[in-house]
Amino acid sequence: MMASTAKSLIHLLDKTGACHAAAGRTALLGRFGTVSYAELLAKIRDLATVFRGLKRGERVGMLTSRSPDAVALFFGLMKAGGCPCFLEPGLDTKALCARMAAVGLRRLVLEGEAETLAGDFEGGVVTVHCLASMLSRETDSGGDGESLTADDLAMMQFTSGSTGQPRGVLLTHGNLCSNADGIIARTSLGPRERLLHVMPLHHTNGVNNQLVAPLIAGASIVLVEAFRATDIEGQIAEYGATYMTGVPTMYSRVLPHLHDRAKRRSLKFLRCGSAPITVSLHRQIEAAFGVPLIVSYGVSEATCTSTMNPPTARRIGSVGTALRGQEIRLFRPGTGEEVAEGCEGEIAIGGPSVMRGYVGDVGDQPVRDGWLRSGDLGRVDRDGYLIITGRLKDVIIRAGENLPPHVIEAVLEQHPAVRACCVVGVPHVDLGEVPVAFIQARPEERVSVDELKALVGAELSRIYIPSDIRFVEAWPETSIGKVDRRALKAVLGVA
């Protein structure tokens with residue numbers, strides 16, 4: 001049964017999961033031990049019953065650890081008709097409330113250490129559940145998900161896109177099934193595979209490619225507590241991982257800690273996405289690990305992955321060809337005109353993986369005439385391989401995280417000594433890209449680089465702090481009077 005033809009993801013998971021359970025397969029393993037498919041499906045059913053009073057499509061936030069219970073909760077909420085959303089761990093209550101308010105989340109489930117936050121929500125507008133107490137309840141029949149369809153909402157994931165403000169991407173059961181179908185077909189994912197899961201659960205890749213697709217395919221997922229570069233080689237050996245997925249920064253940090261190829265003999269390939277990777281780093285990773293690195297491309301608004309290099313025919317410098325069920329076209333920016341073969345254009349994605357829509361600070365709607373305009377620029381070669389060439393909106397991708405320049409600029413311009421500023425992204429060997437700020441200072445005021453960096457750090461998280469700050473009297477402009485960011489990058493020696 002192809003995932004893309006399933007009535008809903010829950011129907012598909014029930015059907016395939018029953019086969020995997022009958023075969024005695026392991027779904028999850030880690031420091032907690034092992035969880036069989038039969039055990040995971042039973043816990044999903046129990047949690048669906050506990051939450052069977054959810055309104056159809058109701059959005060539910062999840063603040064969890066990386067645990068089997070969190071995985072069961074995600075699918076249990078979905079089976080009960082809800083629309084679950086993993087929230088970023090480590091947020092304080094104020095930031096958490098602001099993020100939930102931005103997208104209208106009024107129900108929250110806490111698990112693990114996050115349950116200590118329950119008291120912070122007393123008397124508020126958010127209904128809070130602690131998973132430990134819900135798991136202790138006796139359950140009866142219900143929450144079977146039988147009425148769900150491909151058009152029902154299945155999950156929400158956060159993205160700041162180019163606006164810098166949190167907004168939710170609403171995805172349907174059909175979206176998730178389509179993405180999983182493409183991943184399984186392209187990678188020949190099946191019961192023999194064992195994934196080392198190191199991506200955050202609140203990241204689209206950590207959910208769609210590393211929970212949904214493997215569980216449908218009958219693979220085993222190794223859930224580790226957190227990514228630590230020093231642990232990867234030992235974890236591959238301990239659990240017999242056959243593949244892992246990460247962003248370029250992760251692999252770059254692991255390279256100095258690879259010492260024994262024998263410990264990695266179970267590996268078949270590596271997957272990489274979510275941020276640009278240089279040809280040089282790509283070759284370094286393959287040489288160090290001794291297996292192919294399969295680079296892919298996608299956006300949250302198209303569920304997760306839209307193109308991927310074929311594992312047996314990967315091309316370095318490319319993000320591969322379109323997955324089954326998806327289509328890639330290149331349009332002249334701002335128009336509905338397709339570009340000629342080999343020419344650069346804005347990447348547009350079509351097919352059943354394209355989102356239902358946004359909720360929250362929606363900004364511009366990127367889906368026009370059935371095509372999701374990505375804001376990324378690229379070209380396609382004669383064999384259908386996509387090469388990313390740039391971005392229409394100069395979002396800086398630092399270690400897989402989107403940093404809109406205007407968010408940093410707004411903070412820097414608060415300082416009385418700053419007349420104007422422009423932030424650009426420049427390549428970084430470890431992080432992919434980092435922000436660099438150009439400042440036009442007021443002549444009557446004085447400010448140091450350290451003072452400006454401290455200002456950004458006080459207002460935003462540390463990843464937004466510019467790696468360098470340059471003071472200039474003026475900056476280059478385009479013919480229509482806009483700051484020429486490419487020319488500023490050239491000042492830094494970046495093409």
# chains A, B, ... in the order shown; residues from 1 in each chain; ligands from 1
$ select_by_dssp --residues "segment 273-415 of chain A" --states "strand (DSSP E or B)" --output "PDB file with N, CA, C and O atoms, in the first residue's frame"
ATOM      1  N   LEU A 293      27.096  10.523   1.117  1.00  0.00           N
ATOM      2  CA  LEU A 293      26.271  11.529   1.781  1.00  0.00           C
ATOM      3  C   LEU A 293      25.197  11.950   0.795  1.00  0.00           C
ATOM      4  O   LEU A 293      25.498  12.477  -0.282  1.00  0.00           O
ATOM      5  N   ILE A 294      23.942  11.714   1.141  1.00  0.00           N
ATOM      6  CA  ILE A 294      22.813  11.987   0.249  1.00  0.00           C
ATOM      7  C   ILE A 294      22.177  13.316   0.642  1.00  0.00           C
ATOM      8  O   ILE A 294      21.555  13.431   1.701  1.00  0.00           O
ATOM      9  N   VAL A 295      22.341  14.316  -0.204  1.00  0.00           N
ATOM     10  CA  VAL A 295      21.844  15.665   0.083  1.00  0.00           C
ATOM     11  C   VAL A 295      20.444  15.832  -0.496  1.00  0.00           C
ATOM     12  O   VAL A 295      20.149  15.389  -1.610  1.00  0.00           O
ATOM     13  N   SER A 296      19.582  16.479   0.278  1.00  0.00           N
ATOM     14  CA  SER A 296      18.198  16.699  -0.140  1.00  0.00           C
ATOM     15  C   SER A 296      17.824  18.160   0.062  1.00  0.00           C
ATOM     16  O   SER A 296      18.591  18.956   0.610  1.00  0.00           O
ATOM     17  N   TYR A 297      16.618  18.497  -0.368  1.00  0.00           N
ATOM     18  CA  TYR A 297      16.118  19.875  -0.253  1.00  0.00           C
ATOM     19  C   TYR A 297      14.626  19.846   0.038  1.00  0.00           C
ATOM     20  O   TYR A 297      13.895  19.000  -0.482  1.00  0.00           O
ATOM     21  N   THR A 307      13.115  17.234  -2.915  1.00  0.00           N
ATOM     22  CA  THR A 307      14.085  16.624  -3.820  1.00  0.00           C
ATOM     23  C   THR A 307      15.143  15.900  -3.007  1.00  0.00           C
ATOM     24  O   THR A 307      15.430  16.268  -1.866  1.00  0.00           O
ATOM     25  N   MET A 308      15.724  14.871  -3.593  1.00  0.00           N
ATOM     26  CA  MET A 308      16.793  14.134  -2.921  1.00  0.00           C
ATOM     27  C   MET A 308      17.654  13.449  -3.968  1.00  0.00           C
ATOM     28  O   MET A 308      17.140  12.969  -4.985  1.00  0.00           O
ATOM     29  N   THR A 321      16.845  15.042  -7.406  1.00  0.00           N
ATOM     30  CA  THR A 321      15.668  15.129  -8.264  1.00  0.00           C
ATOM     31  C   THR A 321      14.400  15.054  -7.415  1.00  0.00           C
ATOM     32  O   THR A 321      14.431  14.669  -6.256  1.00  0.00           O
ATOM     33  N   ALA A 322      13.291  15.422  -8.016  1.00  0.00           N
ATOM     34  CA  ALA A 322      12.013  15.455  -7.298  1.00  0.00           C
ATOM     35  C   ALA A 322      11.615  14.066  -6.807  1.00  0.00           C
ATOM     36  O   ALA A 322      11.790  13.069  -7.518  1.00  0.00           O
ATOM     37  N   GLU A 327       6.537  17.744  -7.746  1.00  0.00           N
ATOM     38  CA  GLU A 327       7.011  18.329  -8.999  1.00  0.00           C
ATOM     39  C   GLU A 327       7.734  19.632  -8.694  1.00  0.00           C
ATOM     40  O   GLU A 327       7.322  20.396  -7.815  1.00  0.00           O
ATOM     41  N   ILE A 328       8.822  19.872  -9.398  1.00  0.00           N
ATOM     42  CA  ILE A 328       9.601  21.090  -9.246  1.00  0.00           C
ATOM     43  C   ILE A 328       9.547  21.892 -10.550  1.00  0.00           C
ATOM     44  O   ILE A 328       9.775  21.345 -11.632  1.00  0.00           O
ATOM     45  N   ARG A 329       9.233  23.170 -10.421  1.00  0.00           N
ATOM     46  CA  ARG A 329       9.313  24.083 -11.558  1.00  0.00           C
ATOM     47  C   ARG A 329      10.085  25.318 -11.135  1.00  0.00           C
ATOM     48  O   ARG A 329      10.137  25.663  -9.950  1.00  0.00           O
ATOM     49  N   LEU A 330      10.667  26.002 -12.115  1.00  0.00           N
ATOM     50  CA  LEU A 330      11.391  27.243 -11.858  1.00  0.00           C
ATOM     51  C   LEU A 330      10.696  28.380 -12.597  1.00  0.00           C
ATOM     52  O   LEU A 330      10.482  28.297 -13.813  1.00  0.00           O
ATOM     53  N   PHE A 331      10.335  29.406 -11.833  1.00  0.00           N
ATOM     54  CA  PHE A 331       9.642  30.556 -12.405  1.00  0.00           C
ATOM     55  C   PHE A 331      10.519  31.796 -12.347  1.00  0.00           C
ATOM     56  O   PHE A 331      11.320  31.964 -11.415  1.00  0.00           O
ATOM     57  N   GLU A 338       7.720  30.339 -16.647  1.00  0.00           N
ATOM     58  CA  GLU A 338       8.775  29.374 -16.383  1.00  0.00           C
ATOM     59  C   GLU A 338      10.048  29.761 -17.132  1.00  0.00           C
ATOM     60  O   GLU A 338       9.990  30.298 -18.245  1.00  0.00           O
ATOM     61  N   GLY A 345      15.925  30.313 -11.681  1.00  0.00           N
ATOM     62  CA  GLY A 345      14.580  30.799 -11.408  1.00  0.00           C
ATOM     63  C   GLY A 345      14.195  30.496  -9.979  1.00  0.00           C
ATOM     64  O   GLY A 345      14.930  29.812  -9.245  1.00  0.00           O
ATOM     65  N   GLU A 346      13.033  31.009  -9.565  1.00  0.00           N
ATOM     66  CA  GLU A 346      12.558  30.720  -8.205  1.00  0.00           C
ATOM     67  C   GLU A 346      11.997  29.310  -8.171  1.00  0.00           C
ATOM     68  O   GLU A 346      11.182  28.922  -9.012  1.00  0.00           O
ATOM     69  N   ILE A 347      12.415  28.545  -7.178  1.00  0.00           N
ATOM     70  CA  ILE A 347      11.979  27.161  -7.049  1.00  0.00           C
ATOM     71  C   ILE A 347      10.527  27.125  -6.563  1.00  0.00           C
ATOM     72  O   ILE A 347      10.180  27.747  -5.551  1.00  0.00           O
ATOM     73  N   ALA A 348       9.694  26.406  -7.296  1.00  0.00           N
ATOM     74  CA  ALA A 348       8.297  26.224  -6.922  1.00  0.00           C
ATOM     75  C   ALA A 348       8.012  24.729  -6.803  1.00  0.00           C
ATOM     76  O   ALA A 348       8.526  23.931  -7.592  1.00  0.00           O
ATOM     77  N   ILE A 349       7.205  24.379  -5.823  1.00  0.00           N
ATOM     78  CA  ILE A 349       6.923  22.975  -5.528  1.00  0.00           C
ATOM     79  C   ILE A 349       5.434  22.719  -5.696  1.00  0.00           C
ATOM     80  O   ILE A 349       4.600  23.487  -5.192  1.00  0.00           O
ATOM     81  N   GLY A 350       5.093  21.654  -6.384  1.00  0.00           N
ATOM     82  CA  GLY A 350       3.703  21.287  -6.574  1.00  0.00           C
ATOM     83  C   GLY A 350       3.457  19.844  -6.170  1.00  0.00           C
ATOM     84  O   GLY A 350       4.381  19.034  -6.127  1.00  0.00           O
ATOM     85  N   GLY A 357      -1.958  25.574   4.756  1.00  0.00           N
ATOM     86  CA  GLY A 357      -1.813  27.024   4.877  1.00  0.00           C
ATOM     87  C   GLY A 357      -1.103  27.382   6.163  1.00  0.00           C
ATOM     88  O   GLY A 357      -0.648  26.524   6.919  1.00  0.00           O
ATOM     89  N   TYR A 358      -1.020  28.690   6.428  1.00  0.00           N
ATOM     90  CA  TYR A 358      -0.392  29.200   7.638  1.00  0.00           C
ATOM     91  C   TYR A 358      -1.438  29.537   8.692  1.00  0.00           C
ATOM     92  O   TYR A 358      -2.616  29.774   8.396  1.00  0.00           O
ATOM     93  N   VAL A 359      -0.975  29.621   9.939  1.00  0.00           N
ATOM     94  CA  VAL A 359      -1.751  30.210  11.015  1.00  0.00           C
ATOM     95  C   VAL A 359      -0.788  31.075  11.810  1.00  0.00           C
ATOM     96  O   VAL A 359       0.378  30.727  11.979  1.00  0.00           O
ATOM     97  N   GLY A 360      -1.253  32.232  12.271  1.00  0.00           N
ATOM     98  CA  GLY A 360      -0.381  33.160  12.989  1.00  0.00           C
ATOM     99  C   GLY A 360      -0.020  34.318  12.096  1.00  0.00           C
ATOM    100  O   GLY A 360      -0.839  34.809  11.303  1.00  0.00           O
ATOM    101  N   VAL A 367       1.609  30.107  -1.750  1.00  0.00           N
ATOM    102  CA  VAL A 367       0.999  29.168  -2.692  1.00  0.00           C
ATOM    103  C   VAL A 367       0.142  29.950  -3.678  1.00  0.00           C
ATOM    104  O   VAL A 367      -0.849  30.582  -3.301  1.00  0.00           O
ATOM    105  N   ARG A 368       0.558  29.917  -4.928  1.00  0.00           N
ATOM    106  CA  ARG A 368      -0.179  30.641  -5.972  1.00  0.00           C
ATOM    107  C   ARG A 368      -0.398  29.717  -7.163  1.00  0.00           C
ATOM    108  O   ARG A 368       0.561  29.099  -7.661  1.00  0.00           O
ATOM    109  N   TRP A 371       1.054  26.306  -6.843  1.00  0.00           N
ATOM    110  CA  TRP A 371       2.505  26.157  -6.728  1.00  0.00           C
ATOM    111  C   TRP A 371       3.019  26.905  -5.508  1.00  0.00           C
ATOM    112  O   TRP A 371       2.706  28.075  -5.306  1.00  0.00           O
ATOM    113  N   LEU A 372       3.804  26.204  -4.704  1.00  0.00           N
ATOM    114  CA  LEU A 372       4.416  26.810  -3.534  1.00  0.00           C
ATOM    115  C   LEU A 372       5.696  27.512  -3.962  1.00  0.00           C
ATOM    116  O   LEU A 372       6.667  26.867  -4.386  1.00  0.00           O
ATOM    117  N   ARG A 373       5.698  28.844  -3.879  1.00  0.00           N
ATOM    118  CA  ARG A 373       6.898  29.614  -4.223  1.00  0.00           C
ATOM    119  C   ARG A 373       7.823  29.612  -3.005  1.00  0.00           C
ATOM    120  O   ARG A 373       7.493  30.171  -1.960  1.00  0.00           O
ATOM    121  N   SER A 374       8.983  29.015  -3.159  1.00  0.00           N
ATOM    122  CA  SER A 374       9.866  28.770  -2.017  1.00  0.00           C
ATOM    123  C   SER A 374      10.679  29.987  -1.594  1.00  0.00           C
ATOM    124  O   SER A 374      11.146  30.067  -0.465  1.00  0.00           O
ATOM    125  N   GLY A 375      10.897  30.930  -2.513  1.00  0.00           N
ATOM    126  CA  GLY A 375      11.798  32.042  -2.222  1.00  0.00           C
ATOM    127  C   GLY A 375      13.251  31.685  -2.472  1.00  0.00           C
ATOM    128  O   GLY A 375      14.130  32.545  -2.392  1.00  0.00           O
ATOM    129  N   ASP A 376      13.513  30.412  -2.799  1.00  0.00           N
ATOM    130  CA  ASP A 376      14.871  29.976  -3.121  1.00  0.00           C
ATOM    131  C   ASP A 376      15.080  30.023  -4.633  1.00  0.00           C
ATOM    132  O   ASP A 376      14.144  29.830  -5.414  1.00  0.00           O
ATOM    133  N   LEU A 377      16.317  30.259  -5.025  1.00  0.00           N
ATOM    134  CA  LEU A 377      16.670  30.283  -6.434  1.00  0.00           C
ATOM    135  C   LEU A 377      17.451  29.030  -6.798  1.00  0.00           C
ATOM    136  O   LEU A 377      18.219  28.509  -5.986  1.00  0.00           O
ATOM    137  N   GLY A 378      17.249  28.554  -8.004  1.00  0.00           N
ATOM    138  CA  GLY A 378      17.963  27.362  -8.429  1.00  0.00           C
ATOM    139  C   GLY A 378      17.899  27.181  -9.925  1.00  0.00           C
ATOM    140  O   GLY A 378      17.270  27.964 -10.642  1.00  0.00           O
ATOM    141  N   ARG A 379      18.570  26.145 -10.388  1.00  0.00           N
ATOM    142  CA  ARG A 379      18.485  25.742 -11.790  1.00  0.00           C
ATOM    143  C   ARG A 379      18.452  24.222 -11.850  1.00  0.00           C
ATOM    144  O   ARG A 379      18.912  23.545 -10.925  1.00  0.00           O
ATOM    145  N   VAL A 380      17.889  23.697 -12.902  1.00  0.00           N
ATOM    146  CA  VAL A 380      17.761  22.254 -13.075  1.00  0.00           C
ATOM    147  C   VAL A 380      18.561  21.842 -14.301  1.00  0.00           C
ATOM    148  O   VAL A 380      18.434  22.456 -15.368  1.00  0.00           O
ATOM    149  N   LEU A 386      18.416  19.262  -9.299  1.00  0.00           N
ATOM    150  CA  LEU A 386      18.264  20.656  -8.889  1.00  0.00           C
ATOM    151  C   LEU A 386      19.526  21.150  -8.197  1.00  0.00           C
ATOM    152  O   LEU A 386      20.073  20.469  -7.324  1.00  0.00           O
ATOM    153  N   ILE A 387      19.973  22.342  -8.575  1.00  0.00           N
ATOM    154  CA  ILE A 387      21.127  22.984  -7.947  1.00  0.00           C
ATOM    155  C   ILE A 387      20.647  24.290  -7.330  1.00  0.00           C
ATOM    156  O   ILE A 387      20.058  25.129  -8.035  1.00  0.00           O
ATOM    157  N   ILE A 388      20.834  24.472  -6.030  1.00  0.00           N
ATOM    158  CA  ILE A 388      20.432  25.703  -5.357  1.00  0.00           C
ATOM    159  C   ILE A 388      21.475  26.777  -5.646  1.00  0.00           C
ATOM    160  O   ILE A 388      22.679  26.553  -5.476  1.00  0.00           O
ATOM    161  N   THR A 389      21.006  27.961  -6.056  1.00  0.00           N
ATOM    162  CA  THR A 389      21.938  29.037  -6.408  1.00  0.00           C
ATOM    163  C   THR A 389      21.839  30.255  -5.496  1.00  0.00           C
ATOM    164  O   THR A 389      22.711  31.114  -5.523  1.00  0.00           O
ATOM    165  N   GLY A 390      20.788  30.355  -4.696  1.00  0.00           N
ATOM    166  CA  GLY A 390      20.658  31.517  -3.816  1.00  0.00           C
ATOM    167  C   GLY A 390      19.264  31.618  -3.241  1.00  0.00           C
ATOM    168  O   GLY A 390      18.470  30.679  -3.332  1.00  0.00           O
ATOM    169  N   ARG A 391      18.961  32.787  -2.641  1.00  0.00           N
ATOM    170  CA  ARG A 391      17.640  33.002  -2.056  1.00  0.00           C
ATOM    171  C   ARG A 391      17.130  34.393  -2.413  1.00  0.00           C
ATOM    172  O   ARG A 391      17.882  35.367  -2.388  1.00  0.00           O
ATOM    173  N   ILE A 396      19.387  34.096   6.546  1.00  0.00           N
ATOM    174  CA  ILE A 396      20.647  33.445   6.866  1.00  0.00           C
ATOM    175  C   ILE A 396      20.335  32.103   7.515  1.00  0.00           C
ATOM    176  O   ILE A 396      19.580  32.049   8.485  1.00  0.00           O
ATOM    177  N   ILE A 397      20.878  31.032   6.986  1.00  0.00           N
ATOM    178  CA  ILE A 397      20.635  29.708   7.552  1.00  0.00           C
ATOM    179  C   ILE A 397      21.862  29.290   8.343  1.00  0.00           C
ATOM    180  O   ILE A 397      22.871  28.874   7.785  1.00  0.00           O
ATOM    181  N   ARG A 398      21.763  29.433   9.652  1.00  0.00           N
ATOM    182  CA  ARG A 398      22.873  29.101  10.550  1.00  0.00           C
ATOM    183  C   ARG A 398      22.585  27.757  11.202  1.00  0.00           C
ATOM    184  O   ARG A 398      21.652  27.616  11.992  1.00  0.00           O
ATOM    185  N   GLU A 401      19.035  26.741  11.225  1.00  0.00           N
ATOM    186  CA  GLU A 401      18.061  27.673  11.795  1.00  0.00           C
ATOM    187  C   GLU A 401      17.980  28.924  10.925  1.00  0.00           C
ATOM    188  O   GLU A 401      19.006  29.497  10.533  1.00  0.00           O
ATOM    189  N   ASN A 402      16.762  29.378  10.618  1.00  0.00           N
ATOM    190  CA  ASN A 402      16.569  30.565   9.803  1.00  0.00           C
ATOM    191  C   ASN A 402      16.735  31.836  10.631  1.00  0.00           C
ATOM    192  O   ASN A 402      16.035  32.025  11.642  1.00  0.00           O
ATOM    193  N   LEU A 403      17.627  32.718  10.198  1.00  0.00           N
ATOM    194  CA  LEU A 403      17.842  34.004  10.871  1.00  0.00           C
ATOM    195  C   LEU A 403      17.520  35.127   9.887  1.00  0.00           C
ATOM    196  O   LEU A 403      18.352  35.479   9.044  1.00  0.00           O
TER     197      LEU A 403
END
$ atom_distance --atom1 "atom CA of His203 of chain A" --atom2 "atom CA of Glu146 of chain A"
28.0 Å
$ select_by_dssp --residues "segment 378-476 of chain A" --states "helix (DSSP H, G or I)" --output "VMD selection string"
chain A and resid 405 to 412 449 to 459 462 to 464
$ closest_atom_pairs --of "segment 167-256 of chain A" --to "segment 76-91 of chain A" --cutoff "10 Å" --atoms "only C-alpha atoms" --output "Markdown table"
| residue | atom | partner | partner_atom | distance |
| --- | --- | --- | --- | --- |
| A:Gly168 | CA | A:Cys85 | CA | 9.0 |
| A:Val169 | CA | A:Cys85 | CA | 9.9 |
| A:Leu170 | CA | A:Cys83 | CA | 8.5 |
| A:Leu171 | CA | A:Cys83 | CA | 8.6 |
| A:Thr172 | CA | A:Cys83 | CA | 8.8 |
| A:His173 | CA | A:Met78 | CA | 9.2 |
| A:Pro200 | CA | A:Glu88 | CA | 8.3 |
| A:Leu201 | CA | A:Phe86 | CA | 6.5 |
| A:His202 | CA | A:Phe86 | CA | 4.8 |
| A:His203 | CA | A:Phe86 | CA | 8.2 |
| A:Thr204 | CA | A:Phe86 | CA | 9.5 |
| A:Val207 | CA | A:Phe86 | CA | 8.9 |
$ residues_around --residues "His20 of chain A" --least-positions-apart "3" --cutoff "12 Å" --atoms "only C-alpha atoms" --output "list in words"
Leu13, Asp14, Lys15, Thr16, Gly17, Ala23, Gly24, Arg25, Thr26, Ala27, Ser36, Tyr37, Ala38, Glu39, Leu40, Leu41, Gly190, Pro191, Arg192, Pro214, Leu215, Ile216, Ala217, Gly218, Ala219 and Ser220 of chain A
$ residues_around --residues "segment 233-248 of chain A" --least-positions-apart "6" --cutoff "6 Å" --atoms "only C-alpha atoms" --output "number ranges by chain"
A: 193-196, 263-264, 266-273, 277
$ residues_around --residues "Val449 of chain A" --least-positions-apart "4" --cutoff "10 Å" --atoms "only C-alpha atoms" --output "PDB file with C-alpha atoms, in the first residue's frame"
ATOM      1  CA  ILE A 439      26.915  49.739  10.554  1.00  0.00           C
ATOM      2  CA  LYS A 453      27.058  42.280  20.126  1.00  0.00           C
ATOM      3  CA  ALA A 454      25.927  42.412  23.755  1.00  0.00           C
ATOM      4  CA  LEU A 455      22.823  44.331  22.688  1.00  0.00           C
ATOM      5  CA  PRO A 466      26.838  38.807  14.422  1.00  0.00           C
ATOM      6  CA  ASP A 468      31.628  40.335  12.850  1.00  0.00           C
ATOM      7  CA  ILE A 469      30.567  44.002  12.804  1.00  0.00           C
ATOM      8  CA  ARG A 470      31.982  46.438  10.253  1.00  0.00           C
ATOM      9  CA  PHE A 471      31.622  50.220  10.404  1.00  0.00           C
TER      10      PHE A 471
END
$ closest_residue --among "A:Ser136, A:Ser188, A:Tyr251, A:Val103" --to "Val429 of chain A" --atoms "only C-alpha atoms"
A:Tyr251
$ residues_around --residues "Val299 of chain A" --least-positions-apart "4" --cutoff "9 Å" --atoms "only C-alpha atoms" --output "VMD selection string"
chain A and resid 204 274 303 to 306 374
$ closest_residue --among "A:Ile183, A:Leu492, A:Ala213, A:Val71" --to "Leu29 of chain A" --atoms "only C-alpha atoms"
A:Val71
